[in-house]
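J.: File entry_38.cif below, mmCIF, C-alpha atoms and all ligand atoms:
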data_final
#
loop_
_atom_site.label_atom_id
_atom_site.label_comp_id
_atom_site.auth_asym_id
_atom_site.auth_seq_id
_atom_site.Cartn_x
_atom_site.Cartn_y
_atom_site.Cartn_z
CA MET A 1 0.00 0.00 0.00
CA SER A 2 1.32 3.45 -0.84
CA GLY A 3 0.50 6.38 1.41
CA LYS A 4 1.39 6.92 5.03
CA LEU A 5 -0.82 6.76 8.08
CA ILE A 6 -1.00 9.40 10.78
CA ILE A 7 -2.81 8.26 13.87
CA PHE A 8 -4.18 10.57 16.55
CA SER A 9 -5.27 9.04 19.82
CA ALA A 10 -6.07 10.74 23.11
CA PRO A 11 -8.37 10.63 26.07
CA SER A 12 -11.64 12.33 25.15
CA GLY A 13 -11.43 16.09 25.76
CA ALA A 14 -7.65 16.34 25.30
CA GLY A 15 -8.19 18.59 22.27
CA LYS A 16 -7.46 15.88 19.71
CA SER A 17 -10.29 16.77 17.29
CA THR A 18 -9.27 20.45 17.20
CA ILE A 19 -5.71 19.46 16.39
CA VAL A 20 -6.83 16.97 13.74
CA GLN A 21 -8.97 19.66 12.05
CA HIS A 22 -6.01 22.03 12.12
CA VAL A 23 -3.67 19.47 10.57
CA LEU A 24 -6.16 18.69 7.79
CA GLY A 25 -6.09 22.37 6.82
CA CYS A 26 -2.28 22.56 6.73
CA GLY A 27 -1.88 21.61 3.09
CA PHE A 28 -0.30 18.22 3.74
CA ASN A 29 -1.45 15.68 1.17
CA MET A 30 -3.84 13.89 3.51
CA ALA A 31 -7.47 13.02 4.11
CA PHE A 32 -9.49 12.04 7.17
CA SER A 33 -10.46 8.41 7.66
CA VAL A 34 -14.19 8.48 8.43
CA SER A 35 -14.85 5.72 10.96
CA ALA A 36 -17.93 3.59 11.30
CA THR A 37 -19.83 3.65 14.58
CA SER A 38 -22.91 2.07 16.09
CA ARG A 39 -23.62 5.14 18.23
CA ALA A 40 -26.27 7.68 17.20
CA PRO A 41 -25.28 11.01 15.57
CA ARG A 42 -24.69 13.87 18.04
CA GLY A 43 -25.54 17.54 17.42
CA SER A 44 -24.71 18.61 13.89
CA GLU A 45 -22.82 15.46 12.94
CA VAL A 46 -23.35 14.21 9.38
CA HIS A 47 -23.32 10.66 8.02
CA GLY A 48 -20.28 10.09 5.82
CA VAL A 49 -18.51 13.18 7.17
CA ASP A 50 -18.12 12.62 10.91
CA TYR A 51 -18.88 8.90 10.90
CA TYR A 52 -20.66 6.22 8.92
CA TYR A 53 -23.56 5.54 11.30
CA LEU A 54 -24.44 1.85 11.33
CA THR A 55 -27.01 -0.11 13.28
CA PRO A 56 -25.52 -2.63 15.74
CA ASP A 57 -26.58 -5.41 13.33
CA GLU A 58 -24.89 -3.74 10.37
CA PHE A 59 -21.75 -3.24 12.46
CA ARG A 60 -21.70 -6.89 13.56
CA SER A 61 -22.17 -8.04 9.98
CA LYS A 62 -19.14 -6.03 8.86
CA ILE A 63 -17.09 -7.55 11.71
CA ARG A 64 -18.10 -11.03 10.50
CA HIS A 65 -17.11 -10.19 6.94
CA ASN A 66 -13.68 -8.92 8.07
CA GLU A 67 -14.37 -5.44 6.72
CA PHE A 68 -12.62 -3.66 9.60
CA LEU A 69 -8.91 -2.92 9.83
CA GLU A 70 -9.60 -2.53 13.56
CA TYR A 71 -12.61 -1.96 15.76
CA GLU A 72 -13.23 -1.44 19.48
CA GLU A 73 -16.16 -1.28 21.82
CA VAL A 74 -15.01 2.16 22.96
CA TYR A 75 -17.99 2.58 25.30
CA PRO A 76 -20.34 -0.21 26.42
CA ASN A 77 -22.52 -1.05 23.41
CA SER A 78 -20.91 1.68 21.28
CA PHE A 79 -18.67 0.21 18.60
CA TYR A 80 -16.23 2.22 16.50
CA GLY A 81 -14.10 0.90 13.69
CA THR A 82 -11.93 1.72 10.71
CA LEU A 83 -13.20 0.20 7.49
CA ARG A 84 -10.56 -1.27 5.17
CA SER A 85 -12.49 0.31 2.27
CA GLU A 86 -12.03 3.77 3.79
CA VAL A 87 -8.25 3.46 3.95
CA GLU A 88 -8.18 2.01 0.41
CA ARG A 89 -10.32 4.90 -0.84
CA ILE A 90 -7.88 7.50 0.52
CA THR A 91 -4.62 5.77 -0.39
CA GLY A 92 -6.13 4.97 -3.82
CA ASP A 93 -6.47 8.74 -4.26
CA GLY A 94 -2.71 9.02 -3.63
CA LYS A 95 -3.18 10.59 -0.21
CA ASN A 96 -1.91 9.94 3.31
CA VAL A 97 -4.52 8.92 5.88
CA VAL A 98 -5.36 10.69 9.15
CA PHE A 99 -7.07 8.74 11.92
CA ASP A 100 -8.86 10.07 14.98
CA ILE A 101 -9.34 6.86 16.94
CA ASP A 102 -9.16 5.51 20.44
CA VAL A 103 -5.90 4.47 22.07
CA LEU A 104 -6.27 0.70 21.57
CA GLY A 105 -7.35 1.15 17.94
CA GLY A 106 -4.42 3.51 17.35
CA LEU A 107 -1.89 1.02 18.71
CA ASN A 108 -3.52 -1.75 16.71
CA ILE A 109 -3.04 0.15 13.43
CA LYS A 110 0.50 1.14 14.41
CA LYS A 111 1.32 -2.56 14.95
CA GLN A 112 -0.04 -3.50 11.53
CA TYR A 113 1.73 -0.71 9.62
CA ASP A 114 4.84 -0.11 11.76
CA GLU A 115 7.19 2.38 10.00
CA GLN A 116 4.47 3.38 7.54
CA ALA A 117 2.47 4.84 10.45
CA LEU A 118 3.10 7.70 12.87
CA ALA A 119 1.19 7.26 16.12
CA LEU A 120 0.64 10.51 18.02
CA PHE A 121 -0.79 10.63 21.52
CA ILE A 122 -2.37 13.95 22.52
CA ALA A 123 -2.27 14.22 26.31
CA PRO A 124 -4.24 16.65 28.48
CA PRO A 125 -2.14 18.67 30.95
CA SER A 126 -3.91 16.89 33.83
CA ILE A 127 -7.02 14.91 34.67
CA GLU A 128 -8.46 18.01 36.43
CA VAL A 129 -8.09 20.12 33.29
CA LEU A 130 -9.64 17.33 31.24
CA HIS A 131 -12.65 17.27 33.57
CA GLN A 132 -13.09 21.03 33.23
CA ARG A 133 -12.91 20.81 29.41
CA LEU A 134 -15.55 18.10 29.25
CA VAL A 135 -17.86 20.16 31.47
CA SER A 136 -17.38 23.32 29.35
CA ARG A 137 -17.90 21.39 26.09
CA GLY A 138 -21.42 20.76 27.34
CA THR A 139 -22.16 17.75 25.12
CA ASP A 140 -22.13 15.04 27.81
CA SER A 141 -24.16 14.28 30.91
CA PRO A 142 -22.34 14.25 34.29
CA GLU A 143 -22.60 10.46 34.24
CA MET A 144 -20.96 10.30 30.82
CA ILE A 145 -18.25 12.72 31.94
CA ALA A 146 -17.45 10.48 34.94
CA LYS A 147 -17.17 7.52 32.55
CA ARG A 148 -14.89 9.45 30.19
CA ILE A 149 -12.61 10.47 33.08
CA GLY A 150 -12.27 6.87 34.28
CA LYS A 151 -11.42 5.85 30.76
CA ALA A 152 -8.93 8.72 30.37
CA GLU A 153 -6.92 7.44 33.32
CA PHE A 154 -6.77 4.00 31.71
CA GLU A 155 -5.84 5.44 28.31
CA LEU A 156 -3.05 7.65 29.68
CA SER A 157 -1.22 4.49 30.75
CA PHE A 158 -0.71 3.60 27.06
CA ALA A 159 0.96 6.92 26.12
CA PRO A 160 4.54 5.54 26.28
CA GLN A 161 3.75 3.04 23.49
CA PHE A 162 3.11 5.86 20.97
CA ASP A 163 5.77 7.34 18.67
CA ARG A 164 5.21 10.81 20.13
CA VAL A 165 3.34 12.21 23.12
CA ILE A 166 2.22 15.82 22.70
CA VAL A 167 0.91 17.53 25.82
CA ASN A 168 -1.83 19.97 24.94
CA ASP A 169 -1.36 22.62 27.62
CA ASP A 170 -1.12 25.39 25.02
CA LEU A 171 -3.13 24.72 21.86
CA ASP A 172 -0.95 26.79 19.48
CA LYS A 173 2.19 25.14 20.76
CA ALA A 174 0.63 21.67 20.45
CA LYS A 175 -0.50 22.41 16.88
CA LYS A 176 3.04 23.48 15.91
CA GLU A 177 4.60 20.40 17.52
CA VAL A 178 2.20 18.14 15.66
CA GLU A 179 2.84 19.92 12.34
CA GLN A 180 6.58 19.52 12.82
CA ALA A 181 6.26 15.81 13.70
CA ILE A 182 4.16 15.18 10.58
CA ARG A 183 6.46 17.17 8.32
CA GLU A 184 9.45 15.11 9.51
CA PHE A 185 7.56 11.84 9.13
CA LEU A 186 6.30 12.59 5.62
CA SER A 187 9.76 13.67 4.43
CA LYS A 188 11.40 10.38 5.53
P1 LIG B 201 -16.99 10.14 20.04
O1 LIG B 201 -18.18 9.29 20.38
O2 LIG B 201 -16.69 11.17 21.08
O3 LIG B 201 -17.07 10.70 18.64
O4 LIG B 201 -15.71 9.16 19.99
C1 LIG B 201 -15.40 8.38 21.05
C2 LIG B 201 -14.04 7.75 20.84
O5 LIG B 201 -14.05 6.81 19.77
C3 LIG B 201 -12.94 8.75 20.51
O6 LIG B 201 -11.82 8.48 21.33
C4 LIG B 201 -12.63 8.44 19.09
O7 LIG B 201 -11.30 8.77 18.75
C5 LIG B 201 -12.88 6.96 19.04
N1 LIG B 201 -13.01 6.45 17.68
C6 LIG B 201 -13.57 7.08 16.62
N2 LIG B 201 -13.46 6.33 15.52
C7 LIG B 201 -12.82 5.19 15.88
C8 LIG B 201 -12.39 4.01 15.16
O8 LIG B 201 -12.58 3.87 13.96
N3 LIG B 201 -11.77 3.05 15.88
C9 LIG B 201 -11.53 3.17 17.19
N4 LIG B 201 -10.89 2.17 17.79
N5 LIG B 201 -11.91 4.25 17.90
C10 LIG B 201 -12.54 5.25 17.25
#
Let's see the structure in the file written out as structure tokens.
T.:
Amino acid sequence: MSGKLIIFSAPSGAGKSTIVQHVLGCGFNMAFSVSATSRAPRGSEVHGVDYYYLTPDEFRSKIRHNEFLEYEEVYPNSFYGTLRSEVERITGDGKNVVFDIDVLGGLNIKKQYDEQALALFIAPPSIEVLHQRLVSRGTDSPEMIAKRIGKAEFELSFAPQFDRVIVNDDLDKAKKEVEQAIREFLSK
């Protein structure tokens, strides 16, 4: 397969999506891998742009037919996965692929693609700051926030397995660091 893979993983609320959006606008030759999920659309999310929204049955059928490069039950009963067809679509266009996926999925893809992939872990400055960010984002219930925090602590323990850990304590600085890491990786 031609094309390189750039993987972004982070605990929810670490600012990963903002950084991914920034990177996509930087003029690198890359496109976003739209994941499939069995969760319902949130807010202004659009099918085929943010995710491919599948029913649990559709998702299970694609698992059975080996259509996923990786998938995880990121939250109980909410499945997320990268479709092989999505990666083929982007690399077939001659582009590099950007992933915004959970920590286990990110490490899974890194293992499969090794030197062809750059795995970036975006870390929040602290769990307290992460909690504040999730509250201000206002998209999750307090119960969901508590779940995300518990998960964040678990996910942070995987940071050392990534190629680079970028602490997002200053968004502009984090964006620059990420840009630099990608530029180096793509020029290799
Ligand atoms: P959200 O529901 O907030 O959009 O996403 C929840 C989590 O699922 C995020 O950490 C996101 O990165 C992750 N995620 C999104 N797509 C995929 C995917 O294709 N595979 C895996 N393993 N995780 C994903």
J.: Pick from A:Ala36, A:Gly138, A:His65, A:Leu120: nearest to Leu107 (chain A), with all atoms listed in the file counted?
T.: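 Using all atoms listed in the file, Leu107 (chain A) sits closest to A:Leu120.
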J.: Calculated over all atoms listed in the file, which of the candidates A:Asn66, A:Thr55, A:Ser141, A:Ser78 has the smallest distance to ligand LIG 201 (chain B)?
T.: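 That would be A:Ser78, the residue with the smallest distance to ligand LIG 201 (chain B).
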J.: Could you list, as a count of residues only, all the residues within 8 Å of ligand LIG 201 (chain B), counting all atoms listed in the file?
T.: 30
J.: What is the distance, in Å and to one decimal place, between CA of Asp172 (chain A) and CA of Ala152 (chain A)?
T.: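 Straight-line distance from CA of Asp172 (chain A) to CA of Ala152 (chain A) works out to 22.6 Å.
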J.: Give me the residues near Ala174 (chain A) as a list in words, where near means some atom within 10 Å (using all atoms listed in the file) and where sequence neighbours in that chain fewer than 3 positions away do not count.
T.: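 In the requested form, the answer reads Gly15, Lys16, Ile19, Ile122, Ala123, Ile166, Val167, Asn168, Asp169, Asp170, Leu171, Glu177, Val178, Glu179 and Gln180 of chain A.
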J.: CA of Ala14 (chain A) to CA of Pro56 (chain A): how many Å, to one decimal?
T.: 27.8 Å
J.: Name the residues in contact with Val23 (chain A) at a cut-off of 10 Å, using all atoms listed in the file, excluding same-chain residues fewer than 3 positions from it; report them as a PyMOL selection string.
T.: chain A and resi 17-20+26-28+30-31+98+175-176+178-179+182
J.: Which value, in Å to one decimal, gives the distance between CA of Ser187 (chain A) and CA of Lys4 (chain A)?
T.: 10.8 Å
J.: From the list A:Gln132, A:Asn96, A:Thr91, A:Asn108, which residue is nearest Leu24 (chain A) when using only C-alpha atoms?
T.: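 Checking each candidate against Leu24 (chain A), we get A:Asn96 as the closest.
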J.: Using all atoms listed in the file, can you tell me which of A:Gly43, A:Ile7, A:Gln21, A:Ser33 comes closest to Thr139 (chain A)?
T.: A:Gly43
J.: Of the candidates A:Gly92, A:Ala117, A:Ser61, A:Ser126, which one gets nearest to Phe162 (chain A) if we count all atoms listed in the file?
T.: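 Selected residue with least distance to Phe162 (chain A): A:Ala117.
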J.: Under the rule that only C-alpha atoms are counted, which of A:Lys110, A:Lys62, A:Lys151, A:Arg183 is the nearest residue to Ile127 (chain A)?
T.: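 Using only C-alpha atoms, the shortest distance to Ile127 (chain A) belongs to A:Lys151.
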